[in-house]
Amino acid sequence: MQPVHLTGLSQAELSDFVASLGEPEYRAHQMFSAIHARRVTSFDAMTDLPKELRARLVESSALSTLQIESRYVSTDGTRRYLFKTHDNVPIETVFIPEERRDTICFSSQSGCPLQCTFCLTAQLGLLRNLSAGEIVEQIIFVLNDAYGEGLQTPHGTNLVGMGAGEPFLNFENLMNAMRIMNDPAGLHIVANRITVSTAGIVPRIRELATIADRPHLAISLAAPSDELRDQLMPINKKWPIEELLSACKEFEKSLKPNERFTFEYVMLRGVNDSDAQARQLANLLNRHALRAKVNLIPHNPAEPLPYQPSSMERVESFREILESKGIHAFIRRPRGRDILAACGQLAARNASGEAPVASQRSRSIVASHDVAQPLNAS
């Protein structure tokens, strides 16, 4: 039987757990503060708890379930962490330091079932969903690695759910993790500092619109037509562009006055980067009158992906066309390419670029996996 992963429990759930041990409720508040505000990773560090209680916690529960396998540092300061879970599946997390803020890119699944042809993570297939605790633990580990256990961060931390996996196929665990991280008694990373990216899981976009304390939304689009998007992102066959943009229009009603959501557009040389495709994309978004911006992302190449990035001249031309038609467009500069940490490069590979043994096992899993299977909604 697996020990209870305390990092994945809310204050209310910790209170129930503490009650089951016959302890007073205030012990739950002490434990939550230790785990999330002080970011402790061992029961010995919970010095405000009696030794007897700490001994019982060691027997029945766990704080840290992830083992760090490798840590890579890019020439631009980006860090990529490769973890293994208790059942030996890989998880990757990326830390991107900047002058005014830091960004942590976390994973929601080990691998991914969606098989987007421009994404290296698709080579892994789906191993499994991550628990709420495994999502939160990624953030705690990275903050401790960057600044020291429990030490104050020098500026704000932004979170992006753009690591391995499709977050909206692990929606419940994702939202539970975010509620834990939002808590003022803990990490206190508010929803306004979190962005979650989806390949276009329409029912979950609609559901997210109904949640009061929701994160920002980013949608990977990659093509201005169904014909091309079907090839690049097979999920489009389940929810085509018109259905996706209809859900986006519904989500738009939940936007705050100065808020926009984001379309992510990976720029693939000779595939989706022509002037004509830029005009087609602008016309598509304008026809739906969406309060959105477009992030243009030069493709991050890696073997065995068959694509090359668009030239910066081509990306800039594409952006200018979008801007000329009233679409707010930005170019995202790649970070961590040299350590396989950039967007679309996460595939649990080591420094030499070799894939893990676990990926061999995953291919048989993904072969029989329907990407719509985790959803009951239509």
# chains A, B, ... in the order shown; residues from 1 in each chain; ligands from 1

$ residues_around --residues "Gly270 in chain A" --least-positions-apart "4" --cutoff "12 Å" --atoms "only C-alpha atoms" --output "VMD selection string"
chain A and resid 274 to 277 299 306 to 311 314 to 315

$ select_by_dssp --residues "range 185-367 of chain A" --states "helix (DSSP H, G or I)" --output "PyMOL selection string"
chain A and resi 191-193+202-208+226-232+234-237+241-252+275-288+312-324+337-339+358-367

$ select_by_dssp --residues "range 166-271 of chain A" --states "strand (DSSP E or B)" --output "JSON, numbers by chain"
{"A": [194, 195, 196, 197, 198, 216, 217, 218, 219, 220, 261, 262, 263, 264, 265, 266, 267, 268]}

$ write_last_selection --atoms "N, CA and C atoms" --output "compact mmCIF listing (two decimals), in the first residue's frame"
# COMPACT_ATOMS: atom_id res chain seq x y z
N ILE A 194 -0.66 31.77 -13.19
CA ILE A 194 -0.60 30.41 -13.76
C ILE A 194 -1.26 30.41 -15.13
N THR A 195 -0.60 29.80 -16.10
CA THR A 195 -1.17 29.62 -17.44
C THR A 195 -1.13 28.13 -17.78
N VAL A 196 -2.24 27.63 -18.29
CA VAL A 196 -2.31 26.22 -18.68
C VAL A 196 -2.56 26.13 -20.18
N SER A 197 -1.79 25.28 -20.83
CA SER A 197 -1.88 25.12 -22.28
C SER A 197 -2.60 23.82 -22.64
N THR A 198 -3.49 23.89 -23.59
CA THR A 198 -4.20 22.71 -24.08
C THR A 198 -4.09 22.62 -25.60
N HIS A 216 -4.92 31.29 -16.40
CA HIS A 216 -5.02 31.78 -17.77
C HIS A 216 -5.01 30.58 -18.72
N LEU A 217 -5.52 30.80 -19.92
CA LEU A 217 -5.64 29.73 -20.91
C LEU A 217 -4.76 30.02 -22.12
N ALA A 218 -4.03 29.00 -22.56
CA ALA A 218 -3.30 29.05 -23.83
C ALA A 218 -3.71 27.83 -24.65
N ILE A 219 -3.87 28.03 -25.94
CA ILE A 219 -4.32 26.95 -26.82
C ILE A 219 -3.31 26.77 -27.95
N SER A 220 -2.82 25.56 -28.09
CA SER A 220 -1.90 25.25 -29.18
C SER A 220 -2.71 25.08 -30.46
N PHE A 261 -6.76 35.58 -23.78
CA PHE A 261 -6.15 34.26 -23.77
C PHE A 261 -5.20 34.16 -24.96
N THR A 262 -4.47 33.07 -25.03
CA THR A 262 -3.35 32.99 -25.98
C THR A 262 -3.52 31.81 -26.92
N PHE A 263 -3.22 32.05 -28.19
CA PHE A 263 -3.03 30.95 -29.13
C PHE A 263 -1.53 30.77 -29.34
N GLU A 264 -1.05 29.54 -29.17
CA GLU A 264 0.34 29.21 -29.43
C GLU A 264 0.44 28.65 -30.84
N TYR A 265 1.35 29.21 -31.63
CA TYR A 265 1.47 28.81 -33.03
C TYR A 265 2.94 28.45 -33.29
N VAL A 266 3.22 27.14 -33.38
CA VAL A 266 4.57 26.66 -33.64
C VAL A 266 4.88 26.87 -35.11
N MET A 267 5.99 27.54 -35.39
CA MET A 267 6.35 27.90 -36.77
C MET A 267 7.25 26.82 -37.39
N LEU A 268 6.69 26.14 -38.39
CA LEU A 268 7.37 25.03 -39.06
C LEU A 268 7.74 25.46 -40.48

$ atom_distance --atom1 "CA of Arg39 in chain A" --atom2 "CA of Asp16 in chain A"
21.2 Å

$ residues_around --residues "range 320-326 of chain A" --least-positions-apart "6" --cutoff "8 Å" --atoms "only C-alpha atoms" --output "VMD selection string"
chain A and resid 275 278 to 279 281 to 283

$ residues_around --residues "range 44-50 of chain A" --least-positions-apart "5" --cutoff "9 Å" --atoms "only C-alpha atoms" --output "number ranges by chain"
A: 27, 30-31, 34-35, 55
